[in-house]
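Colleague: Starting off with a structure, shown below.
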Amino acid sequence: MKRIVAGLAALAVLSTAGLALAQDKKLTMAVSIPAADHGWTGGVVYHAEREAKLLEERYPGLDIVVKTSPDGASQANALEDLTAQGINALVTLPHNSDELTDPIRQVKEKGVFVTVVDRALSDPSIQDLYVAGDNHGLGRVAGEYMKERMADGGDIVIIRGLPIVIDEERQKGFDEGIAGSKVNVLDRQFGNWSRDDAFKVMQDYLAKYPKIDAVWAQDDDMVVGILEAIAQSNRSDIQFVVGGAGMKDMIKKVQDGDKMVPVDVLYPPAMIATAMDLTAAGLFDQNPVRGNYVLDATLVTKDNAQEFYYPDSPF
């Protein structure tokens, strides 16, 4: 018994020493992200700055530099400057995967731990950790909701994002979600993840189709334009709109029981905070964080909306 007690005491001393050593570390994490050029990226900036403060409090030896860039070229220059200043880890959401792959490779070659968020690099071997939302799941969860909600059938229109891989993944997931149902897709057009463009597309739909039961949009920003077009039309046939991403205005509508926005599907900008948190845990706590970390495409309902509502966020 004495040996066990002595062993436990020694282990406690070692654990305390390890904790003290972790606290004595002086490390720098750079966070390179797009500037807030629309709602979702505005949310990314908010959560990055918020998490930076929380992590610096948790790890006194950690210094976090958050740098926003308006375009890919500016982000490449920012990465070069940050690396020259000396960093231990980089958390980055690239403006454009192809354009930023080589600049991030150069950071990696300096021995920096690299965490990539949302937009995977052309060469994934560069990244130590990858954190992203589930684009396929976002579409699938929305489709499954519509399939269940419209079990007796109905006519819907779709407003897609941009003609890129993310859009294709979301659309494929949605098609799988409604497979075997009586949901009839009248039309699907690109809204460019813009509320103004989505407003115009929805206006065209309303003029073209005398009966529309529901709308699926790939992004909550577009839902803002869609709802405005419906309101101006004075049409009463549209029963509901399903979007995605987790915009606070949409989450609040779900929370309040708004009939036009009964649910939302998460693709949260807060994923940048998850990436920063995991990276810091790897640096200071030696937790195994390498690999891929994909967030669930959670269906937000009135029952759980409060968990995902950030009233101070711009998105």
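In the structure tokens, chains take the letters A, B, ... in the order shown, each chain's residues start at 1, and ligands count up from 1 in the order shown.
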If you take only C-alpha atoms and a cut-off of 8 Å, which residues of range 82-164 of chain A touch range 70-78 of chain A, and what are their nearest atom pairs and distances in Å to one decimal, in chain and number order, as a Markdown table?

Modeller:
| residue | atom | partner | partner_atom | distance |
| --- | --- | --- | --- | --- |
| A:Leu82 | CA | A:Ala78 | CA | 6.1 |
| A:Pro94 | CA | A:Gly72 | CA | 7.5 |
| A:His95 | CA | A:Gly72 | CA | 5.2 |
| A:Asn96 | CA | A:Gly72 | CA | 6.3 |
| A:Glu99 | CA | A:Gly72 | CA | 6.6 |
| A:Leu100 | CA | A:Ala76 | CA | 6.4 |
| A:Pro103 | CA | A:Ala76 | CA | 5.8 |
| A:Ile104 | CA | A:Ala76 | CA | 7.9 |

Colleague: Next, the residues of the selection above should be written as a PDB file, in the first residue's frame with N, CA and C atoms.

Modeller:
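This went into out_19.pdb:
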ATOM      1  N   LEU A  82       3.802  36.940 -41.309  1.00  0.00           N
ATOM      2  CA  LEU A  82       3.592  36.260 -40.027  1.00  0.00           C
ATOM      3  C   LEU A  82       4.703  35.251 -39.760  1.00  0.00           C
ATOM      4  N   PRO A  94      -8.267  29.534 -45.960  1.00  0.00           N
ATOM      5  CA  PRO A  94      -7.754  30.142 -47.192  1.00  0.00           C
ATOM      6  C   PRO A  94      -8.854  30.831 -48.010  1.00  0.00           C
ATOM      7  N   HIS A  95      -8.498  31.959 -48.603  1.00  0.00           N
ATOM      8  CA  HIS A  95      -9.412  32.608 -49.548  1.00  0.00           C
ATOM      9  C   HIS A  95      -9.735  31.662 -50.691  1.00  0.00           C
ATOM     10  N   ASN A  96      -8.675  31.060 -51.214  1.00  0.00           N
ATOM     11  CA  ASN A  96      -8.802  30.161 -52.354  1.00  0.00           C
ATOM     12  C   ASN A  96      -7.792  29.037 -52.185  1.00  0.00           C
ATOM     13  N   GLU A  99      -4.798  28.898 -54.813  1.00  0.00           N
ATOM     14  CA  GLU A  99      -3.895  30.051 -54.726  1.00  0.00           C
ATOM     15  C   GLU A  99      -3.054  30.029 -53.462  1.00  0.00           C
ATOM     16  N   LEU A 100      -3.604  29.491 -52.379  1.00  0.00           N
ATOM     17  CA  LEU A 100      -2.916  29.553 -51.086  1.00  0.00           C
ATOM     18  C   LEU A 100      -2.130  28.296 -50.739  1.00  0.00           C
ATOM     19  N   PRO A 103       1.825  29.099 -50.724  1.00  0.00           N
ATOM     20  CA  PRO A 103       2.210  29.946 -49.595  1.00  0.00           C
ATOM     21  C   PRO A 103       2.112  29.229 -48.244  1.00  0.00           C
ATOM     22  N   ILE A 104       1.093  28.384 -48.074  1.00  0.00           N
ATOM     23  CA  ILE A 104       0.959  27.638 -46.814  1.00  0.00           C
ATOM     24  C   ILE A 104       2.025  26.547 -46.735  1.00  0.00           C
TER      25      ILE A 104
END

Colleague: Near Ala207 in chain A, within 12 Å and counting only C-alpha atoms, which residues show up once chain neighbours fewer than 6 positions away are dropped, as a PyMOL selection string?

Modeller: chain A and resi 200-201+229-230+233+235

Colleague: Write to file, as a PDB file, in the first residue's frame, the residues of the selection just made, with N, CA and C atoms.

Modeller:
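Result file is selection-v1.pdb:
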ATOM      1  N   LYS A 200     -33.545  38.293 -56.422  1.00  0.00           N
ATOM      2  CA  LYS A 200     -33.923  38.357 -57.836  1.00  0.00           C
ATOM      3  C   LYS A 200     -34.362  36.991 -58.362  1.00  0.00           C
ATOM      4  N   VAL A 201     -33.643  35.940 -57.965  1.00  0.00           N
ATOM      5  CA  VAL A 201     -34.013  34.592 -58.405  1.00  0.00           C
ATOM      6  C   VAL A 201     -35.388  34.217 -57.858  1.00  0.00           C
ATOM      7  N   ALA A 229     -38.469  38.757 -50.908  1.00  0.00           N
ATOM      8  CA  ALA A 229     -39.202  38.598 -52.167  1.00  0.00           C
ATOM      9  C   ALA A 229     -40.588  38.019 -51.927  1.00  0.00           C
ATOM     10  N   ILE A 230     -40.680  37.058 -51.033  1.00  0.00           N
ATOM     11  CA  ILE A 230     -41.976  36.451 -50.714  1.00  0.00           C
ATOM     12  C   ILE A 230     -42.898  37.479 -50.062  1.00  0.00           C
ATOM     13  N   SER A 233     -44.318  39.889 -52.513  1.00  0.00           N
ATOM     14  CA  SER A 233     -45.250  39.285 -53.469  1.00  0.00           C
ATOM     15  C   SER A 233     -46.652  39.106 -52.905  1.00  0.00           C
ATOM     16  N   ARG A 235     -47.695  36.561 -51.593  1.00  0.00           N
ATOM     17  CA  ARG A 235     -48.104  35.184 -51.860  1.00  0.00           C
ATOM     18  C   ARG A 235     -48.256  34.440 -50.522  1.00  0.00           C
TER      19      ARG A 235
END

Colleague: Would you pick out the contacts of Asp296 in chain A at 12 Å or less, using only C-alpha atoms, so that residues sharing its chain but fewer than 2 positions from it are not included, and give the list as number ranges by chain?

Modeller: A: 131-141, 245, 265-268, 271, 293-294, 298-300

Colleague: For range 252-258 of chain A, please output as a list in words all residues within 10 Å (counting only C-alpha atoms; exclusion window: fewer than 4 positions along the same chain).

Modeller: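 These residues fall inside the cut-off: Phe240, Gly246, Met247, Lys248, Pro262, Val263, Asp264, Val300, Thr301, Lys302, Asp303, Asn304, Ala305, Gln306, Phe308, Tyr309, Tyr310 and Pro311 of chain A.
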
Colleague: Quick one: residues within 7 Å of range 115-119 of chain A, only C-alpha atoms counted, chain neighbours fewer than 5 positions away excluded, as a ChimeraX atom specification?

Modeller: /A:90-94,97,127-133,272,275

Colleague: Write the residues of the selection above to a file with all heavy atoms, as an mmCIF file, in the first residue's frame.

Modeller:
data_model
loop_
_atom_site.group_PDB
_atom_site.id
_atom_site.type_symbol
_atom_site.label_atom_id
_atom_site.label_comp_id
_atom_site.auth_asym_id
_atom_site.auth_seq_id
_atom_site.Cartn_x
_atom_site.Cartn_y
_atom_site.Cartn_z
ATOM 1 N N LEU A 90 -0.075 27.776 -37.244
ATOM 2 C CA LEU A 90 -0.904 28.590 -38.124
ATOM 3 C C LEU A 90 -2.278 27.948 -38.239
ATOM 4 O O LEU A 90 -2.397 26.766 -38.551
ATOM 5 C CB LEU A 90 -0.277 28.691 -39.521
ATOM 6 C CG LEU A 90 -1.173 29.289 -40.616
ATOM 7 C CD1 LEU A 90 -1.419 30.776 -40.355
ATOM 8 C CD2 LEU A 90 -0.568 29.072 -41.999
ATOM 9 N N VAL A 91 -3.302 28.748 -37.973
ATOM 10 C CA VAL A 91 -4.683 28.330 -38.232
ATOM 11 C C VAL A 91 -5.175 29.220 -39.360
ATOM 12 O O VAL A 91 -5.200 30.440 -39.220
ATOM 13 C CB VAL A 91 -5.572 28.498 -36.990
ATOM 14 C CG1 VAL A 91 -7.016 28.111 -37.319
ATOM 15 C CG2 VAL A 91 -5.046 27.652 -35.834
ATOM 16 N N THR A 92 -5.549 28.624 -40.481
ATOM 17 C CA THR A 92 -5.906 29.447 -41.634
ATOM 18 C C THR A 92 -7.142 28.940 -42.356
ATOM 19 O O THR A 92 -7.336 27.737 -42.534
ATOM 20 C CB THR A 92 -4.734 29.536 -42.631
ATOM 21 O OG1 THR A 92 -5.104 30.363 -43.739
ATOM 22 C CG2 THR A 92 -4.324 28.161 -43.139
ATOM 23 N N LEU A 93 -7.985 29.876 -42.754
ATOM 24 C CA LEU A 93 -9.088 29.615 -43.657
ATOM 25 C C LEU A 93 -8.706 30.304 -44.965
ATOM 26 O O LEU A 93 -8.773 31.519 -45.060
ATOM 27 C CB LEU A 93 -10.404 30.161 -43.099
ATOM 28 C CG LEU A 93 -11.707 29.635 -43.718
ATOM 29 C CD1 LEU A 93 -12.893 29.934 -42.800
ATOM 30 C CD2 LEU A 93 -11.973 30.221 -45.103
ATOM 31 N N PRO A 94 -8.267 29.534 -45.960
ATOM 32 C CA PRO A 94 -7.754 30.142 -47.192
ATOM 33 C C PRO A 94 -8.854 30.831 -48.010
ATOM 34 O O PRO A 94 -9.981 30.346 -48.079
ATOM 35 C CB PRO A 94 -7.193 28.947 -47.977
ATOM 36 C CG PRO A 94 -7.085 27.837 -46.983
ATOM 37 C CD PRO A 94 -8.157 28.076 -45.973
ATOM 38 N N SER A 97 -8.267 27.807 -52.215
ATOM 39 C CA SER A 97 -7.403 26.659 -51.931
ATOM 40 C C SER A 97 -6.213 26.577 -52.883
ATOM 41 O O SER A 97 -5.068 26.386 -52.462
ATOM 42 C CB SER A 97 -8.225 25.370 -52.013
ATOM 43 O OG SER A 97 -9.258 25.378 -51.046
ATOM 44 N N GLN A 127 -1.271 20.021 -44.514
ATOM 45 C CA GLN A 127 -1.985 20.349 -43.277
ATOM 46 C C GLN A 127 -1.825 19.252 -42.226
ATOM 47 O O GLN A 127 -1.922 18.066 -42.521
ATOM 48 C CB GLN A 127 -3.465 20.590 -43.578
ATOM 49 C CG GLN A 127 -4.174 19.421 -44.236
ATOM 50 C CD GLN A 127 -5.359 19.832 -45.084
ATOM 51 O OE1 GLN A 127 -5.415 20.939 -45.622
ATOM 52 N NE2 GLN A 127 -6.328 18.934 -45.204
ATOM 53 N N ASP A 128 -1.544 19.655 -40.984
ATOM 54 C CA ASP A 128 -1.482 18.716 -39.866
ATOM 55 C C ASP A 128 -2.880 18.405 -39.354
ATOM 56 O O ASP A 128 -3.163 17.291 -38.926
ATOM 57 C CB ASP A 128 -0.641 19.317 -38.726
ATOM 58 C CG ASP A 128 0.804 19.523 -39.138
ATOM 59 O OD1 ASP A 128 1.504 18.515 -39.323
ATOM 60 O OD2 ASP A 128 1.223 20.686 -39.280
ATOM 61 N N LEU A 129 -3.744 19.417 -39.413
ATOM 62 C CA LEU A 129 -5.107 19.273 -38.913
ATOM 63 C C LEU A 129 -6.055 19.972 -39.871
ATOM 64 O O LEU A 129 -5.748 21.050 -40.382
ATOM 65 C CB LEU A 129 -5.213 19.915 -37.514
ATOM 66 C CG LEU A 129 -6.599 19.986 -36.865
ATOM 67 C CD1 LEU A 129 -7.158 18.597 -36.598
ATOM 68 C CD2 LEU A 129 -6.524 20.793 -35.567
ATOM 69 N N TYR A 130 -7.187 19.346 -40.126
ATOM 70 C CA TYR A 130 -8.197 19.930 -41.010
ATOM 71 C C TYR A 130 -9.530 19.954 -40.275
ATOM 72 O O TYR A 130 -10.001 18.920 -39.786
ATOM 73 C CB TYR A 130 -8.316 19.119 -42.298
ATOM 74 C CG TYR A 130 -9.399 19.602 -43.245
ATOM 75 C CD1 TYR A 130 -9.376 20.898 -43.746
ATOM 76 C CD2 TYR A 130 -10.444 18.759 -43.625
ATOM 77 C CE1 TYR A 130 -10.360 21.346 -44.620
ATOM 78 C CE2 TYR A 130 -11.433 19.198 -44.502
ATOM 79 C CZ TYR A 130 -11.393 20.491 -44.994
ATOM 80 O OH TYR A 130 -12.371 20.936 -45.839
ATOM 81 N N VAL A 131 -10.122 21.135 -40.162
ATOM 82 C CA VAL A 131 -11.402 21.313 -39.469
ATOM 83 C C VAL A 131 -12.399 21.916 -40.446
ATOM 84 O O VAL A 131 -12.107 22.939 -41.082
ATOM 85 C CB VAL A 131 -11.253 22.230 -38.235
ATOM 86 C CG1 VAL A 131 -12.604 22.441 -37.561
ATOM 87 C CG2 VAL A 131 -10.254 21.638 -37.242
ATOM 88 N N ALA A 132 -13.554 21.303 -40.592
ATOM 89 C CA ALA A 132 -14.516 21.801 -41.569
ATOM 90 C C ALA A 132 -15.932 21.414 -41.177
ATOM 91 O O ALA A 132 -16.154 20.560 -40.318
ATOM 92 C CB ALA A 132 -14.201 21.249 -42.957
ATOM 93 N N GLY A 133 -16.875 22.067 -41.837
ATOM 94 C CA GLY A 133 -18.266 21.678 -41.710
ATOM 95 C C GLY A 133 -18.570 20.571 -42.715
ATOM 96 O O GLY A 133 -17.739 20.232 -43.569
ATOM 97 N N ILE A 272 -13.943 28.059 -36.777
ATOM 98 C CA ILE A 272 -12.611 28.636 -36.626
ATOM 99 C C ILE A 272 -12.170 28.563 -35.166
ATOM 100 O O ILE A 272 -10.996 28.305 -34.865
ATOM 101 C CB ILE A 272 -12.577 30.102 -37.140
ATOM 102 C CG1 ILE A 272 -11.132 30.624 -37.207
ATOM 103 C CG2 ILE A 272 -13.416 31.020 -36.265
ATOM 104 C CD1 ILE A 272 -10.301 29.998 -38.284
ATOM 105 N N ALA A 275 -11.091 25.025 -34.397
ATOM 106 C CA ALA A 275 -9.748 24.788 -34.938
ATOM 107 C C ALA A 275 -8.668 25.393 -34.047
ATOM 108 O O ALA A 275 -7.628 24.771 -33.791
ATOM 109 C CB ALA A 275 -9.651 25.366 -36.345
#

Colleague: Give me, as a tab-separated table, each residue of range 246-299 of chain A that comes within 12 Å of range 28-37 of chain A, together with its shortest interatomic pair and the distance in Å at one decimal, counting only C-alpha atoms, with rows ordered by chain and rising residue number.

Modeller:
residue	atom	partner	partner_atom	distance
A:Pro269	CA	A:Ile33	CA	11.4
A:Ile272	CA	A:Val31	CA	9.0
A:Ala273	CA	A:Val31	CA	10.2
A:Ala275	CA	A:Val31	CA	9.9
A:Met276	CA	A:Val31	CA	8.1
A:Asp277	CA	A:Met29	CA	10.9
A:Leu278	CA	A:Met29	CA	11.8
A:Thr279	CA	A:Met29	CA	8.6
A:Ala280	CA	A:Met29	CA	8.1
A:Ala281	CA	A:Met29	CA	11.8
A:Gly282	CA	A:Met29	CA	11.7
A:Leu283	CA	A:Met29	CA	9.5
A:Phe284	CA	A:Thr28	CA	11.3

Colleague: If you run DSSP on the backbone, which residues of range 52-284 of chain A are strand (DSSP E or B), as a ChimeraX atom specification?

Modeller: /A:62-69,89-92,113-117,129-132,154-160,183-190,214-217,240-242,245,264-266

Colleague: If you run DSSP on the backbone, which residues of range 93-240 of chain A are alpha helix (DSSP H), as a PDB file with C-alpha atoms, in the first residue's frame?

Modeller:
ATOM      1  CA  SER A  97      -7.403  26.659 -51.931  1.00  0.00           C
ATOM      2  CA  ASP A  98      -5.368  26.578 -55.166  1.00  0.00           C
ATOM      3  CA  GLU A  99      -3.895  30.051 -54.726  1.00  0.00           C
ATOM      4  CA  LEU A 100      -2.916  29.553 -51.086  1.00  0.00           C
ATOM      5  CA  THR A 101      -1.551  26.009 -51.210  1.00  0.00           C
ATOM      6  CA  ASP A 102       2.045  26.991 -52.044  1.00  0.00           C
ATOM      7  CA  PRO A 103       2.210  29.946 -49.595  1.00  0.00           C
ATOM      8  CA  ILE A 104       0.959  27.638 -46.814  1.00  0.00           C
ATOM      9  CA  ARG A 105       3.467  24.983 -47.913  1.00  0.00           C
ATOM     10  CA  GLN A 106       6.234  27.530 -47.358  1.00  0.00           C
ATOM     11  CA  VAL A 107       4.933  28.136 -43.832  1.00  0.00           C
ATOM     12  CA  LYS A 108       4.887  24.400 -43.165  1.00  0.00           C
ATOM     13  CA  ASN A 135     -21.274  20.309 -46.856  1.00  0.00           C
ATOM     14  CA  HIS A 136     -22.785  17.047 -48.041  1.00  0.00           C
ATOM     15  CA  GLY A 137     -24.497  16.698 -44.659  1.00  0.00           C
ATOM     16  CA  LEU A 138     -25.918  20.223 -44.844  1.00  0.00           C
ATOM     17  CA  GLY A 139     -27.776  19.329 -48.016  1.00  0.00           C
ATOM     18  CA  ARG A 140     -28.758  15.861 -46.829  1.00  0.00           C
ATOM     19  CA  VAL A 141     -30.189  17.056 -43.495  1.00  0.00           C
ATOM     20  CA  ALA A 142     -32.216  19.770 -45.267  1.00  0.00           C
ATOM     21  CA  GLY A 143     -33.492  17.222 -47.778  1.00  0.00           C
ATOM     22  CA  GLU A 144     -34.445  14.717 -45.093  1.00  0.00           C
ATOM     23  CA  TYR A 145     -36.368  17.402 -43.223  1.00  0.00           C
ATOM     24  CA  MET A 146     -38.313  18.301 -46.363  1.00  0.00           C
ATOM     25  CA  LYS A 147     -38.947  14.639 -47.127  1.00  0.00           C
ATOM     26  CA  GLU A 148     -40.470  14.142 -43.682  1.00  0.00           C
ATOM     27  CA  ARG A 149     -42.300  17.474 -43.573  1.00  0.00           C
ATOM     28  CA  VAL A 165     -17.352  21.951 -55.365  1.00  0.00           C
ATOM     29  CA  ILE A 166     -19.024  23.084 -52.115  1.00  0.00           C
ATOM     30  CA  ASP A 167     -22.254  23.780 -53.983  1.00  0.00           C
ATOM     31  CA  GLU A 168     -22.098  20.417 -55.725  1.00  0.00           C
ATOM     32  CA  GLU A 169     -21.587  18.603 -52.413  1.00  0.00           C
ATOM     33  CA  ARG A 170     -24.554  20.358 -50.822  1.00  0.00           C
ATOM     34  CA  GLN A 171     -26.776  19.755 -53.850  1.00  0.00           C
ATOM     35  CA  LYS A 172     -25.829  16.072 -54.019  1.00  0.00           C
ATOM     36  CA  GLY A 173     -26.606  15.673 -50.322  1.00  0.00           C
ATOM     37  CA  PHE A 174     -29.994  17.342 -50.738  1.00  0.00           C
ATOM     38  CA  ASP A 175     -30.913  15.130 -53.697  1.00  0.00           C
ATOM     39  CA  GLU A 176     -30.045  12.088 -51.609  1.00  0.00           C
ATOM     40  CA  GLY A 177     -32.103  13.460 -48.724  1.00  0.00           C
ATOM     41  CA  ILE A 178     -35.312  13.756 -50.765  1.00  0.00           C
ATOM     42  CA  ARG A 195     -29.067  37.935 -50.570  1.00  0.00           C
ATOM     43  CA  ASP A 196     -29.515  40.386 -53.468  1.00  0.00           C
ATOM     44  CA  ASP A 197     -29.067  37.724 -56.138  1.00  0.00           C
ATOM     45  CA  ALA A 198     -31.309  35.305 -54.238  1.00  0.00           C
ATOM     46  CA  PHE A 199     -33.962  38.042 -54.032  1.00  0.00           C
ATOM     47  CA  LYS A 200     -33.923  38.357 -57.836  1.00  0.00           C
ATOM     48  CA  VAL A 201     -34.013  34.592 -58.405  1.00  0.00           C
ATOM     49  CA  MET A 202     -36.926  34.237 -56.008  1.00  0.00           C
ATOM     50  CA  GLN A 203     -38.782  37.048 -57.770  1.00  0.00           C
ATOM     51  CA  ASP A 204     -38.363  35.136 -61.038  1.00  0.00           C
ATOM     52  CA  TYR A 205     -39.619  31.944 -59.439  1.00  0.00           C
ATOM     53  CA  LEU A 206     -42.681  33.720 -58.064  1.00  0.00           C
ATOM     54  CA  ALA A 207     -43.485  35.129 -61.491  1.00  0.00           C
ATOM     55  CA  LYS A 208     -42.921  31.800 -63.220  1.00  0.00           C
ATOM     56  CA  ASP A 220     -28.857  31.784 -44.717  1.00  0.00           C
ATOM     57  CA  ASP A 221     -27.707  35.026 -46.361  1.00  0.00           C
ATOM     58  CA  MET A 222     -29.770  34.044 -49.383  1.00  0.00           C
ATOM     59  CA  VAL A 223     -32.760  33.258 -47.170  1.00  0.00           C
ATOM     60  CA  VAL A 224     -32.874  36.943 -46.188  1.00  0.00           C
ATOM     61  CA  GLY A 225     -33.431  37.899 -49.842  1.00  0.00           C
ATOM     62  CA  ILE A 226     -35.870  35.039 -50.391  1.00  0.00           C
ATOM     63  CA  LEU A 227     -38.068  36.056 -47.462  1.00  0.00           C
ATOM     64  CA  GLU A 228     -38.098  39.667 -48.676  1.00  0.00           C
ATOM     65  CA  ALA A 229     -39.202  38.598 -52.167  1.00  0.00           C
ATOM     66  CA  ILE A 230     -41.976  36.451 -50.714  1.00  0.00           C
ATOM     67  CA  ALA A 231     -43.129  39.274 -48.439  1.00  0.00           C
ATOM     68  CA  GLN A 232     -43.281  41.735 -51.337  1.00  0.00           C
ATOM     69  CA  SER A 233     -45.250  39.285 -53.469  1.00  0.00           C
TER      70      SER A 233
END

Colleague: Between CA of Gly243 in chain A and CA of Thr41 in chain A, what is the distance in Å, rounded to a tenth?

Modeller: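 Separation of CA of Gly243 in chain A and CA of Thr41 in chain A: 16.8 Å.
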
Colleague: For CA of Ile158 in chain A and CA of Val215 in chain A, determine how far apart the two atoms are, in Å to one decimal place.

Modeller: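 It comes out at 5.8 Å.
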
Colleague: Taking 2 positions as the minimum chain separation for residues in the same chain, which residues sit within 9 Å of Asp63 in chain A when counting only C-alpha atoms? Answer as a PyMOL selection string.

Modeller: chain A and resi 26-30+52+55-56+59-61+65

Colleague: At a cut-off of 6 Å, using only C-alpha atoms, what residues contact Val241 in chain A? Leave out same-chain residues fewer than 5 positions from it and give the result as a PDB file with N, CA and C atoms, in the first residue's frame.

Modeller:
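Result file result13.pdb:
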ATOM      1  N   ALA A 214     -42.511  25.226 -50.910  1.00  0.00           N
ATOM      2  CA  ALA A 214     -41.372  25.468 -50.023  1.00  0.00           C
ATOM      3  C   ALA A 214     -40.135  25.807 -50.838  1.00  0.00           C
ATOM      4  N   VAL A 215     -39.125  26.319 -50.144  1.00  0.00           N
ATOM      5  CA  VAL A 215     -37.871  26.724 -50.784  1.00  0.00           C
ATOM      6  C   VAL A 215     -36.703  26.150 -49.994  1.00  0.00           C
ATOM      7  N   TRP A 216     -35.711  25.622 -50.716  1.00  0.00           N
ATOM      8  CA  TRP A 216     -34.440  25.283 -50.072  1.00  0.00           C
ATOM      9  C   TRP A 216     -33.363  26.187 -50.638  1.00  0.00           C
ATOM     10  N   MET A 260     -42.266  30.533 -41.127  1.00  0.00           N
ATOM     11  CA  MET A 260     -41.550  30.555 -42.402  1.00  0.00           C
ATOM     12  C   MET A 260     -40.129  29.986 -42.292  1.00  0.00           C
ATOM     13  N   VAL A 261     -39.561  30.015 -41.099  1.00  0.00           N
ATOM     14  CA  VAL A 261     -38.212  29.477 -40.885  1.00  0.00           C
ATOM     15  C   VAL A 261     -38.268  28.515 -39.701  1.00  0.00           C
TER      16      VAL A 261
END

Colleague: Do you have the CA of Ala89 in chain A-CA of Ile64 in chain A distance handy?

Modeller: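 If I compute the distance from CA of Ala89 in chain A to CA of Ile64 in chain A, I get 9.5 Å.
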